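Novice: Please find one structure pasted underneath; my questions will follow.
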Amino acid sequence: MLTVGINGFGRIGRMCLRVCLEANLDVKLINDPFIPTDYMAYLLKYDSTHGIYPQTVECEKNAVVIADVSIATSQEKDPSKIKWEAHGVNFVIEATGVFTTLERASLHLDGGAKRVIITAPSTDAPMYVFGVNHCCYSPKNGSIVSATSCTTNCAGPLIKTMNDKFQVLEGMITSVHATIAAQRTVDGPTGKLWRDGRGCLQNIIPTSTGAAKCISKILPELKEKISAIAFRVPIPNVSLCDITLRVSQPVTYDEVKKVMKAASETTLKGILHYTEDDVVSSDFNHTKYSCIFDAKAGIPQTSTFIKIIAWYDNEYGFAHRIVDLMKFMHEVDEGKGCVTGEILEEGN
């Protein structure tokens, strides 16, 4: 049986809890060393971006009660001391953004967890994007994986689709990204990354993104062919991927649209959405999709040089793919999913 624990109750941790509850998954324990139980209940119930939680949320001693579901809480700083085993947790969603390496995430295994899904890019853990390379997951390759990032979960399905059909030679991802919790509301010090410390309500802030490195991991045939940059903008949620690709064979933009629409109805159904409406970012707040292909926003510069645009909910949409990946891993562990372990053993 799939049982879930969540470490870190920030934006992504809370969205993952929402998605787990919507999917009727058994969440046993939430841990966050900086948030007492009553505050956890408050943060879940009242959300300025996604609205008031539609069911009752109450606080009991060391537990949050949502409708008739009671979920234990704890405030351990050391993951090895979190009582995952005592609460019957086998899958941990590691959502702190801190324990992102195999060494650090493995502390959850010391606490009794069987599998760990990191909700951020990792330097050494296997990385999977649901809808792109999730079928490469195999229990043979360890107990810890990374679900990469919200931006990679948007760009990955689009770039894979383009590469499968038209062979991508090189590309550039520009992420126009909503504000995140780590940013400053007014100017303040941030160590070496001075621009990251500028007020998020007043500025468009150029910053780095790990999306290109993640793409090279999940689509190794495109290693060193994709680069990426991000701009943080003063909106609370929903971001955009502006992807410019050079492909090997001439293609019309109408052909690109047909390929994307077909993928949204078949291989990437529920992951990729296609629209020809005159949409803006707020139209996709609380969407379940990884990416929404905006057919009207793309530009065919030449027959082999094409810009495509896609929207993504960097919170709720990303959380859906994290939970999808977790459910898939559980199915594989139970012998029900598609395993291509021989590919993984070669490093892909």
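Going by the structure tokens order, chains are called A, B, ..., each with residues numbered from 1, while ligands are numbered from 1 in the order shown.
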Let's see if you can do this: from backbone DSSP, list all helix (DSSP H, G or I) residues in region 59-240 of chain A, as a PyMOL selection string.
Specialist: chain A and resi 79-81+102-105+107-110+134-136+139-141+150-166+194-197+211-218+220-222
Novice: Identify, on the basis of only C-alpha atoms, every residue whose closest approach to region 233-243 of chain A does not exceed 6 Å; exclude the query and any residue fewer than 2 positions from it along the same chain; express the result as an MDAnalysis selection string.
Specialist: chainID A and resid 172:179 200:201 204 281 285 307:314
Novice: Pull C-alpha atoms from the residues just selected and write them as a PDB file, in the first residue's frame.
Specialist:
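Output below, filename out.pdb:
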ATOM      1  CA  MET A 172      17.272  28.098 -25.513  1.00  0.00           C
ATOM      2  CA  ILE A 173      14.754  28.118 -22.658  1.00  0.00           C
ATOM      3  CA  THR A 174      13.706  31.425 -21.135  1.00  0.00           C
ATOM      4  CA  SER A 175      11.576  30.974 -18.043  1.00  0.00           C
ATOM      5  CA  VAL A 176       9.416  33.953 -17.067  1.00  0.00           C
ATOM      6  CA  HIS A 177       8.846  32.776 -13.523  1.00  0.00           C
ATOM      7  CA  ALA A 178       6.437  33.871 -10.816  1.00  0.00           C
ATOM      8  CA  THR A 179       7.772  35.056  -7.479  1.00  0.00           C
ATOM      9  CA  CYS A 200      10.412  41.067  -5.850  1.00  0.00           C
ATOM     10  CA  LEU A 201       7.401  43.412  -5.992  1.00  0.00           C
ATOM     11  CA  ILE A 204      11.940  41.850 -13.088  1.00  0.00           C
ATOM     12  CA  SER A 281      -1.124  33.800 -16.895  1.00  0.00           C
ATOM     13  CA  ASN A 285      -3.794  29.302 -11.804  1.00  0.00           C
ATOM     14  CA  LYS A 307       9.806  29.693 -30.935  1.00  0.00           C
ATOM     15  CA  ILE A 308       7.158  27.921 -28.857  1.00  0.00           C
ATOM     16  CA  ILE A 309       5.420  29.268 -25.760  1.00  0.00           C
ATOM     17  CA  ALA A 310       3.874  27.342 -22.875  1.00  0.00           C
ATOM     18  CA  TRP A 311       2.336  28.251 -19.522  1.00  0.00           C
ATOM     19  CA  TYR A 312       2.676  26.286 -16.292  1.00  0.00           C
ATOM     20  CA  ASP A 313       1.374  26.457 -12.743  1.00  0.00           C
ATOM     21  CA  ASN A 314       4.696  26.269 -10.929  1.00  0.00           C
TER      22      ASN A 314
END
Novice: Would you mind listing what lies within 8 Å of Pro206 (chain A) as a list in words, with only C-alpha atoms counted and same-chain residues fewer than 3 positions away left out?
Specialist: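 The residues satisfying every condition are Arg195, Ile229, Ala230, Phe231 and Arg232 of chain A.
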Novice: Would you kindly return, as a list in words, each protein, DNA or RNA residue with an atom no farther than 10 Å from any atom of Val332 (chain A), considering only C-alpha atoms and excluding same-chain residues fewer than 4 positions away?
Specialist: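 The residues that qualify are Cys135, Tyr137, Ser138, Pro139, Met326, Lys327, Phe328, Lys336, Gly337, Cys338 and Val339 of chain A.
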Novice: For the selection you just gave me, I'd like the residues written to a file as a CSV table (one decimal), in the first residue's frame, keeping N, CA and C atoms.
Specialist:
chain,number,residue,atom,x,y,z
A,135,CYS,N,9.3,6.2,-17.3
A,135,CYS,CA,9.4,4.7,-17.5
A,135,CYS,C,10.8,4.2,-17.3
A,137,TYR,N,12.4,4.6,-14.6
A,137,TYR,CA,12.6,4.3,-13.2
A,137,TYR,C,12.7,2.8,-12.9
A,138,SER,N,13.6,2.4,-12.1
A,138,SER,CA,13.7,1.0,-11.7
A,138,SER,C,14.2,1.0,-10.2
A,139,PRO,N,13.6,0.1,-9.4
A,139,PRO,CA,14.1,0.0,-8.0
A,139,PRO,C,15.5,-0.4,-7.9
A,326,MET,N,5.3,9.6,-8.0
A,326,MET,CA,5.3,8.7,-6.8
A,326,MET,C,4.4,7.5,-7.0
A,327,LYS,N,3.2,7.8,-7.5
A,327,LYS,CA,2.2,6.7,-7.8
A,327,LYS,C,2.8,5.7,-8.8
A,328,PHE,N,3.5,6.2,-9.8
A,328,PHE,CA,4.1,5.3,-10.8
A,328,PHE,C,5.2,4.5,-10.2
A,336,LYS,N,3.9,-3.7,-11.3
A,336,LYS,CA,2.7,-3.4,-12.2
A,336,LYS,C,3.1,-2.4,-13.3
A,337,GLY,N,4.2,-1.7,-13.2
A,337,GLY,CA,4.5,-0.6,-14.1
A,337,GLY,C,5.5,-1.0,-15.2
A,338,CYS,N,5.8,-0.1,-16.1
A,338,CYS,CA,6.8,-0.4,-17.2
A,338,CYS,C,8.2,-0.2,-16.7
A,339,VAL,N,9.0,-1.2,-16.7
A,339,VAL,CA,10.4,-1.0,-16.3
A,339,VAL,C,11.3,-1.1,-17.4
Novice: Going by DSSP on the backbone, which bits of region 191-265 of chain A are strand (DSSP E or B)? Write them as a PyMOL selection string, please.
Specialist: chain A and resi 205-207+226-233+239-247
Novice: Please list as a PyMOL selection string every residue within 10 Å of region 90-100 of chain A, counting only C-alpha atoms and excluding residues in the same chain fewer than 3 positions away.
Specialist: chain A and resi 1-14+16-17+27-32+79+84-85+87+103-109+112-125+143-147+322-323+326-327+329-330
Novice: Produce a file of the selected residues containing C-alpha atoms, as a tab-separated table (two decimals), in the first residue's frame.
Specialist:
chain	number	residue	atom	x	y	z
A	1	MET	CA	0.00	0.00	0.00
A	2	LEU	CA	1.24	3.48	-0.87
A	3	THR	CA	1.63	5.57	2.28
A	4	VAL	CA	3.01	9.09	2.18
A	5	GLY	CA	5.01	11.43	4.37
A	6	ILE	CA	5.88	15.05	3.60
A	7	ASN	CA	9.00	16.80	4.84
A	8	GLY	CA	8.76	20.56	4.43
A	9	PHE	CA	5.40	22.32	4.52
A	10	GLY	CA	6.14	25.29	2.28
A	11	ARG	CA	4.44	26.07	-1.02
A	12	ILE	CA	5.27	22.76	-2.73
A	13	GLY	CA	4.76	20.65	0.38
A	14	ARG	CA	1.27	22.08	0.88
A	16	CYS	CA	1.56	18.04	-2.67
A	17	LEU	CA	-0.67	17.45	0.34
A	27	VAL	CA	-0.81	10.67	4.05
A	28	LYS	CA	0.51	9.58	7.45
A	29	LEU	CA	2.89	12.32	8.65
A	30	ILE	CA	3.89	15.92	7.89
A	31	ASN	CA	7.20	17.19	9.27
A	32	ASP	CA	8.45	20.76	9.36
A	79	PRO	CA	15.47	13.72	8.83
A	84	TRP	CA	8.52	7.60	9.25
A	85	GLU	CA	8.64	3.91	10.09
A	87	HIS	CA	3.86	6.04	11.25
A	103	GLU	CA	23.73	11.68	1.00
A	104	ARG	CA	21.38	14.17	2.62
A	105	ALA	CA	18.13	12.67	1.34
A	106	SER	CA	19.24	9.21	2.53
A	107	LEU	CA	18.73	10.42	6.10
A	108	HIS	CA	15.04	9.74	5.50
A	109	LEU	CA	15.90	6.10	4.92
A	112	GLY	CA	12.44	4.19	8.09
A	113	ALA	CA	11.28	5.54	4.73
A	114	LYS	CA	11.51	3.19	1.73
A	115	ARG	CA	11.55	5.76	-1.08
A	116	VAL	CA	12.33	9.49	-1.26
A	117	ILE	CA	11.21	11.91	-3.98
A	118	ILE	CA	13.12	15.20	-3.97
A	119	THR	CA	11.03	18.11	-5.28
A	120	ALA	CA	14.04	19.96	-6.69
A	121	PRO	CA	16.93	19.22	-9.04
A	122	SER	CA	19.67	17.03	-7.59
A	123	THR	CA	23.35	16.87	-8.42
A	124	ASP	CA	23.56	13.09	-8.02
A	125	ALA	CA	20.11	11.50	-7.63
A	143	SER	CA	15.60	4.47	-3.30
A	144	ILE	CA	16.02	8.20	-3.92
A	145	VAL	CA	14.94	10.15	-7.01
A	146	SER	CA	14.44	13.76	-8.03
A	147	ALA	CA	11.30	15.06	-9.75
A	322	ILE	CA	5.37	14.82	-8.27
A	323	VAL	CA	2.42	12.75	-7.08
A	326	MET	CA	5.27	8.74	-6.81
A	327	LYS	CA	2.24	6.65	-7.78
A	329	MET	CA	7.11	4.34	-8.71
A	330	HIS	CA	4.84	2.48	-6.32
